[in-house]
Amino acid sequence: MSHNDEQPAIIEEKIVRVNGEVAIRQYSKGRFLGKGGFARCYEFTSMETRKLTAAKIVPKASLTKSRAKQKLMTEIKIHRSLHHPSIVGFEHFFEDAENVYILLELCTNQTMNELLRRRKRLTELEVQCYLLQVISALIYLHGHRVIHRDLKLGNFFLSDKMEIKIGDFGLATKLEFDGEKKRTICGTPNYIAPEVLDGKQGHSYEVDIWSLGVVAYTLLVGKPPFETSDVKTTYRRIRMNAYSFPENVPLSESSKNLITRILVTDPTKRPTLSEIQAHEFFNQGNTIPKTLPPSTLACPPAASYLRQ
Ligand SMILES: CC[C@@H]1C(=O)N(C)c2cnc(-c3ccc[nH]3)nc2N1C1CCCC1
């Protein structure tokens with residue numbers, strides 16, 4: 001397929017003002033950042049403000065089916081309404097004849113996927129620090145009746161200061177009323193909650209709590225709890241709640257206790273976000289000082305890592 005890299009390095013946004021005047025905003029398209037779904041992503045620089053953003057360029061040709069178009073509009077509607085230090089900033093969006101452009105906060109240290117690939121596994125102190133930032137973002141999200149539904153390492157972006165930012169609201173949904181249950185099956189195999197697979201009684205905020213447990217296990221152990229080479233087997237393990245802590249990984253009792261309390265099949269039995277925040281895992285001796293809000297702290301890498 002001919003990549004659209006031949007396209008001009010300057011992208012123009014046409015703005016029609018209320019008095020009918022037409023203005024042009026120009027962006028310079030920089031380095032290719034990678035692919036995200038249908039989108040090809042690039043570093044953009046606003047010619048006017050010199051601000052750097054990560055741009056998702058979605059070809060309109062990929063939006064012909066109304067469902068794909070509706071999904072993108074929902075993603076934009078939800079994401080642009082969110083403002084929190086641990087949620088990827090939504091800068092701007094516009095369209096031209098060929099594409100829809102979504103400009104997002106640039107996270108130069110990519111995602112937790114890349115970090116874990118390099119590190120194999122994180123120290124408990126680092127996991128405490130990152131998870132507290134994610135939990136504060138989830139309290140904000142759920143407080144605005146938004147369920148992310150696709151929390152995973154690949155959607156945890158890292159800023160230049162190594163702060164964690166939840167991104168990709170492509171599977172997010174906003175509840176219209178408390179108690180509303182969603183039924184659409186969605187998510188990423190390793191992180192999908194059992195009630196989503198079961199599909200009978202619908203699902204709600206608890207699916208994000210389940211994914212948080214999968215993320216905590218993955219960061220501490222180095223691989224997801226239910227991962228197998230075949231998706232069907234992974235789904236069976238999730239439904240059977242079949243996971244264990246490997247003998248060769250030294251884990252504190254409090255970390256195993258927290259994960260065990262979160263990864264329960266019955267969503268009504270899972271702890272709330274504030275119960276998780278109050279759990280011993282975050283409040284043992286070696287914890288980061290609670291005085292500072294977690295997001296102002298770069299998570300301390302293990303001393304050994306610094307020596308490498
Ligand atoms: C723009 C899409 C997505 C994303 O959502 N954000 C926020 C992001 C931020 N910085 C970056 C980034 C900065 C430097 C490298 N990547 N990347 C982001 N991505 C990546 C691009 C390719 C796949 C997912």
# chains A, B, ... in the order shown; residues from 1 in each chain; ligands from 1

call {"tool": "closest_atom_pairs", "arguments": {"of": "segment 98-119 of chain A", "to": "segment 42-49 of chain A", "cutoff": "12 Å", "atoms": "only C-alpha atoms", "output": "CSV"}}
result
residue,atom,partner,partner_atom,distance
A:Tyr101,CA,A:Tyr42,CA,10.3
A:Ile102,CA,A:Phe44,CA,10.4
A:Leu103,CA,A:Phe44,CA,7.9
A:Leu104,CA,A:Phe44,CA,9.6
A:Glu105,CA,A:Glu43,CA,10.1
A:Leu106,CA,A:Glu43,CA,7.7
A:Cys107,CA,A:Glu43,CA,10.3
A:Thr108,CA,A:Glu43,CA,10.0

call {"tool": "closest_atom_pairs", "arguments": {"of": "chain A", "to": "ligand 1", "cutoff": "12 Å", "atoms": "only C-alpha atoms and all ligand atoms", "output": "tab-separated table"}}
result
residue	atom	partner	partner_atom_place_in_ligand_line	distance
A:Gly30	CA	ligand 1	14 (C)	10.9
A:Arg31	CA	ligand 1	14 (C)	8.9
A:Phe32	CA	ligand 1	22 (C)	8.0
A:Leu33	CA	ligand 1	22 (C)	4.8
A:Gly34	CA	ligand 1	22 (C)	3.8
A:Lys35	CA	ligand 1	22 (C)	4.8
A:Gly36	CA	ligand 1	23 (C)	4.5
A:Gly37	CA	ligand 1	23 (C)	8.3
A:Phe38	CA	ligand 1	23 (C)	10.5
A:Ala39	CA	ligand 1	2 (C)	8.0
A:Arg40	CA	ligand 1	22 (C)	7.1
A:Cys41	CA	ligand 1	21 (C)	5.1
A:Tyr42	CA	ligand 1	1 (C)	7.0
A:Glu43	CA	ligand 1	13 (C)	7.1
A:Phe44	CA	ligand 1	1 (C)	10.1
A:Leu52	CA	ligand 1	13 (C)	9.7
A:Thr53	CA	ligand 1	10 (N)	7.5
A:Ala54	CA	ligand 1	1 (C)	4.7
A:Ala55	CA	ligand 1	1 (C)	5.1
A:Lys56	CA	ligand 1	1 (C)	4.8
A:Ile57	CA	ligand 1	1 (C)	8.5
A:Val58	CA	ligand 1	2 (C)	10.7
A:Glu75	CA	ligand 1	5 (O)	11.3
A:Ile76	CA	ligand 1	5 (O)	11.7
A:His79	CA	ligand 1	5 (O)	10.5
A:Ser86	CA	ligand 1	7 (C)	11.4
A:Ile87	CA	ligand 1	7 (C)	9.1
A:Val88	CA	ligand 1	7 (C)	5.6
A:Gly89	CA	ligand 1	7 (C)	7.5
A:Phe90	CA	ligand 1	7 (C)	8.3
A:Glu91	CA	ligand 1	7 (C)	10.1
A:Tyr101	CA	ligand 1	1 (C)	10.1
A:Ile102	CA	ligand 1	1 (C)	7.9
A:Leu103	CA	ligand 1	1 (C)	7.4
A:Leu104	CA	ligand 1	7 (C)	5.3
A:Glu105	CA	ligand 1	7 (C)	5.4
A:Leu106	CA	ligand 1	10 (N)	3.9
A:Cys107	CA	ligand 1	10 (N)	3.7
A:Thr108	CA	ligand 1	14 (C)	3.8
A:Asn109	CA	ligand 1	14 (C)	6.2
A:Gln110	CA	ligand 1	16 (N)	4.6
A:Thr111	CA	ligand 1	17 (N)	7.8
A:Met112	CA	ligand 1	24 (C)	11.5
A:Asn113	CA	ligand 1	24 (C)	10.9
A:Glu114	CA	ligand 1	16 (N)	10.5
A:Leu153	CA	ligand 1	24 (C)	11.5
A:Gly154	CA	ligand 1	24 (C)	7.9
A:Asn155	CA	ligand 1	5 (O)	7.5
A:Phe156	CA	ligand 1	7 (C)	8.9
A:Phe157	CA	ligand 1	7 (C)	6.5
A:Leu158	CA	ligand 1	10 (N)	7.9
A:Ser159	CA	ligand 1	10 (N)	7.9
A:Asp160	CA	ligand 1	13 (C)	9.0
A:Ile164	CA	ligand 1	7 (C)	10.8
A:Lys165	CA	ligand 1	7 (C)	8.0
A:Ile166	CA	ligand 1	7 (C)	8.2
A:Gly167	CA	ligand 1	5 (O)	5.3
A:Asp168	CA	ligand 1	5 (O)	5.3
A:Phe169	CA	ligand 1	5 (O)	8.6
A:Gly170	CA	ligand 1	5 (O)	9.8

call {"tool": "select_by_dssp", "arguments": {"residues": "segment 113-238 of chain A", "states": "helix (DSSP H, G or I)", "output": "number ranges by chain"}}
result
A: 113-119, 124-143, 153-155, 189-191, 194-198, 206-221, 231-238

call {"tool": "select_by_dssp", "arguments": {"residues": "segment 24-269 of chain A", "states": "strand (DSSP E or B)", "output": "MDAnalysis selection string"}}
result
chainID A and resid 24:36 39:46 52:59 87 90:95 99:105 111 146:147 156:158 164:166 173:174 182 203

call {"tool": "closest_atom_pairs", "arguments": {"of": "segment 215-250 of chain A", "to": "segment 263-280 of chain A", "cutoff": "9 Å", "atoms": "only C-alpha atoms", "output": "CSV"}}
result
residue,atom,partner,partner_atom,distance
A:Ile238,CA,A:Thr265,CA,8.2
A:Arg239,CA,A:Thr265,CA,7.3
A:Met240,CA,A:Thr265,CA,8.2
A:Asn241,CA,A:Thr265,CA,6.6

call {"tool": "write_last_selection", "arguments": {"atoms": "C-alpha atoms", "output": "CSV table (one decimal), in the first residue's frame"}}
result
chain,number,residue,atom,x,y,z
A,238,ILE,CA,-10.2,-15.7,32.6
A,239,ARG,CA,-13.6,-17.3,33.1
A,240,MET,CA,-12.1,-20.0,35.3
A,241,ASN,CA,-10.0,-17.4,37.2

call {"tool": "closest_residue", "arguments": {"among": "A:Leu122, A:Leu82, A:Ala97, A:Val18", "to": "Leu141 of chain A", "atoms": "only C-alpha atoms"}}
result
A:Leu82

call {"tool": "residues_around", "arguments": {"residues": "Thr173 of chain A", "least_positions_apart": "2", "cutoff": "9 Å", "atoms": "only C-alpha atoms", "output": "ChimeraX atom specification"}}
result
/A:74-75,78,145-149,169-171,175,182

call {"tool": "residues_around", "arguments": {"residues": "Ala242 of chain A", "least_positions_apart": "4", "cutoff": "12 Å", "atoms": "only C-alpha atoms", "output": "ChimeraX atom specification"}}
result
/A:194,224-228,233-238,260,263-265

call {"tool": "closest_residue", "arguments": {"among": "A:Ala172, A:Glu253, A:His84, A:Arg50", "to": "Leu72 of chain A", "atoms": "only C-alpha atoms"}}
result
A:Ala172

call {"tool": "decode", "arguments": {"residues": "segment 136-161 of chain A", "atoms": "N, CA, C and O atoms", "output": "short mmCIF file (atom, residue, chain, number, x, y, z; two decimals), in the first residue's frame"}}
result
data_model
loop_
_atom_site.label_atom_id
_atom_site.label_comp_id
_atom_site.auth_asym_id
_atom_site.auth_seq_id
_atom_site.Cartn_x
_atom_site.Cartn_y
_atom_site.Cartn_z
N SER A 136 -5.86 7.68 40.54
CA SER A 136 -6.43 9.04 40.66
C SER A 136 -7.13 9.43 39.34
O SER A 136 -8.18 10.07 39.35
N ALA A 137 -6.60 8.96 38.19
CA ALA A 137 -7.26 9.24 36.90
C ALA A 137 -8.58 8.47 36.80
O ALA A 137 -9.58 9.00 36.31
N LEU A 138 -8.59 7.23 37.33
CA LEU A 138 -9.82 6.41 37.25
C LEU A 138 -10.91 6.99 38.16
O LEU A 138 -12.09 6.98 37.80
N ILE A 139 -10.51 7.52 39.32
CA ILE A 139 -11.50 8.15 40.23
C ILE A 139 -12.15 9.33 39.48
O ILE A 139 -13.36 9.50 39.50
N TYR A 140 -11.31 10.09 38.75
CA TYR A 140 -11.83 11.22 37.96
C TYR A 140 -12.75 10.70 36.85
O TYR A 140 -13.88 11.17 36.69
N LEU A 141 -12.29 9.68 36.10
CA LEU A 141 -13.07 9.12 34.97
C LEU A 141 -14.43 8.60 35.45
O LEU A 141 -15.48 8.99 34.96
N HIS A 142 -14.40 7.70 36.42
CA HIS A 142 -15.65 7.08 36.91
C HIS A 142 -16.55 8.15 37.53
O HIS A 142 -17.77 8.09 37.44
N GLY A 143 -15.92 9.19 38.11
CA GLY A 143 -16.69 10.30 38.69
C GLY A 143 -17.45 11.07 37.62
O GLY A 143 -18.44 11.74 37.88
N HIS A 144 -16.96 10.96 36.36
CA HIS A 144 -17.65 11.61 35.23
C HIS A 144 -18.42 10.58 34.41
O HIS A 144 -18.71 10.80 33.23
N ARG A 145 -18.73 9.42 35.02
CA ARG A 145 -19.52 8.34 34.41
C ARG A 145 -18.89 7.79 33.13
O ARG A 145 -19.59 7.33 32.24
N VAL A 146 -17.54 7.89 33.05
CA VAL A 146 -16.85 7.32 31.89
C VAL A 146 -16.15 6.03 32.31
O VAL A 146 -15.48 5.98 33.35
N ILE A 147 -16.35 4.95 31.49
CA ILE A 147 -15.62 3.70 31.69
C ILE A 147 -14.64 3.61 30.53
O ILE A 147 -15.04 3.78 29.37
N HIS A 148 -13.35 3.33 30.81
CA HIS A 148 -12.36 3.31 29.74
C HIS A 148 -12.49 2.04 28.90
O HIS A 148 -12.48 2.08 27.67
N ARG A 149 -12.59 0.88 29.57
CA ARG A 149 -12.85 -0.46 28.97
C ARG A 149 -11.68 -1.03 28.17
O ARG A 149 -11.79 -2.10 27.62
N ASP A 150 -10.55 -0.31 28.12
CA ASP A 150 -9.39 -0.91 27.42
C ASP A 150 -8.10 -0.52 28.12
O ASP A 150 -7.11 -0.15 27.48
N LEU A 151 -8.10 -0.60 29.47
CA LEU A 151 -6.90 -0.27 30.24
C LEU A 151 -5.89 -1.38 30.04
O LEU A 151 -6.19 -2.56 30.27
N LYS A 152 -4.70 -0.99 29.55
CA LYS A 152 -3.63 -1.97 29.34
C LYS A 152 -2.32 -1.19 29.23
O LYS A 152 -2.33 0.04 29.04
N LEU A 153 -1.19 -1.87 29.30
CA LEU A 153 0.10 -1.17 29.29
C LEU A 153 0.25 -0.30 28.05
O LEU A 153 0.80 0.79 28.10
N GLY A 154 -0.27 -0.79 26.90
CA GLY A 154 -0.13 -0.03 25.65
C GLY A 154 -0.93 1.25 25.63
O GLY A 154 -0.70 2.12 24.78
N ASN A 155 -1.86 1.42 26.58
CA ASN A 155 -2.63 2.67 26.65
C ASN A 155 -2.21 3.54 27.82
O ASN A 155 -2.86 4.54 28.12
N PHE A 156 -1.10 3.14 28.47
CA PHE A 156 -0.53 3.98 29.54
C PHE A 156 0.69 4.68 28.93
O PHE A 156 1.75 4.09 28.76
N PHE A 157 0.52 5.97 28.59
CA PHE A 157 1.59 6.71 27.94
C PHE A 157 2.47 7.38 28.99
O PHE A 157 2.00 7.65 30.11
N LEU A 158 3.73 7.62 28.62
CA LEU A 158 4.69 8.19 29.57
C LEU A 158 5.23 9.52 29.04
O LEU A 158 5.73 9.60 27.92
N SER A 159 5.07 10.57 29.85
CA SER A 159 5.52 11.91 29.42
C SER A 159 7.05 11.98 29.51
O SER A 159 7.69 11.04 29.98
N ASP A 160 7.60 13.10 29.09
CA ASP A 160 9.06 13.26 29.16
C ASP A 160 9.52 13.20 30.62
O ASP A 160 10.64 12.77 30.91
N LYS A 161 8.59 13.54 31.55
CA LYS A 161 8.96 13.47 32.98
C LYS A 161 8.57 12.13 33.60
O LYS A 161 8.49 11.98 34.80
#
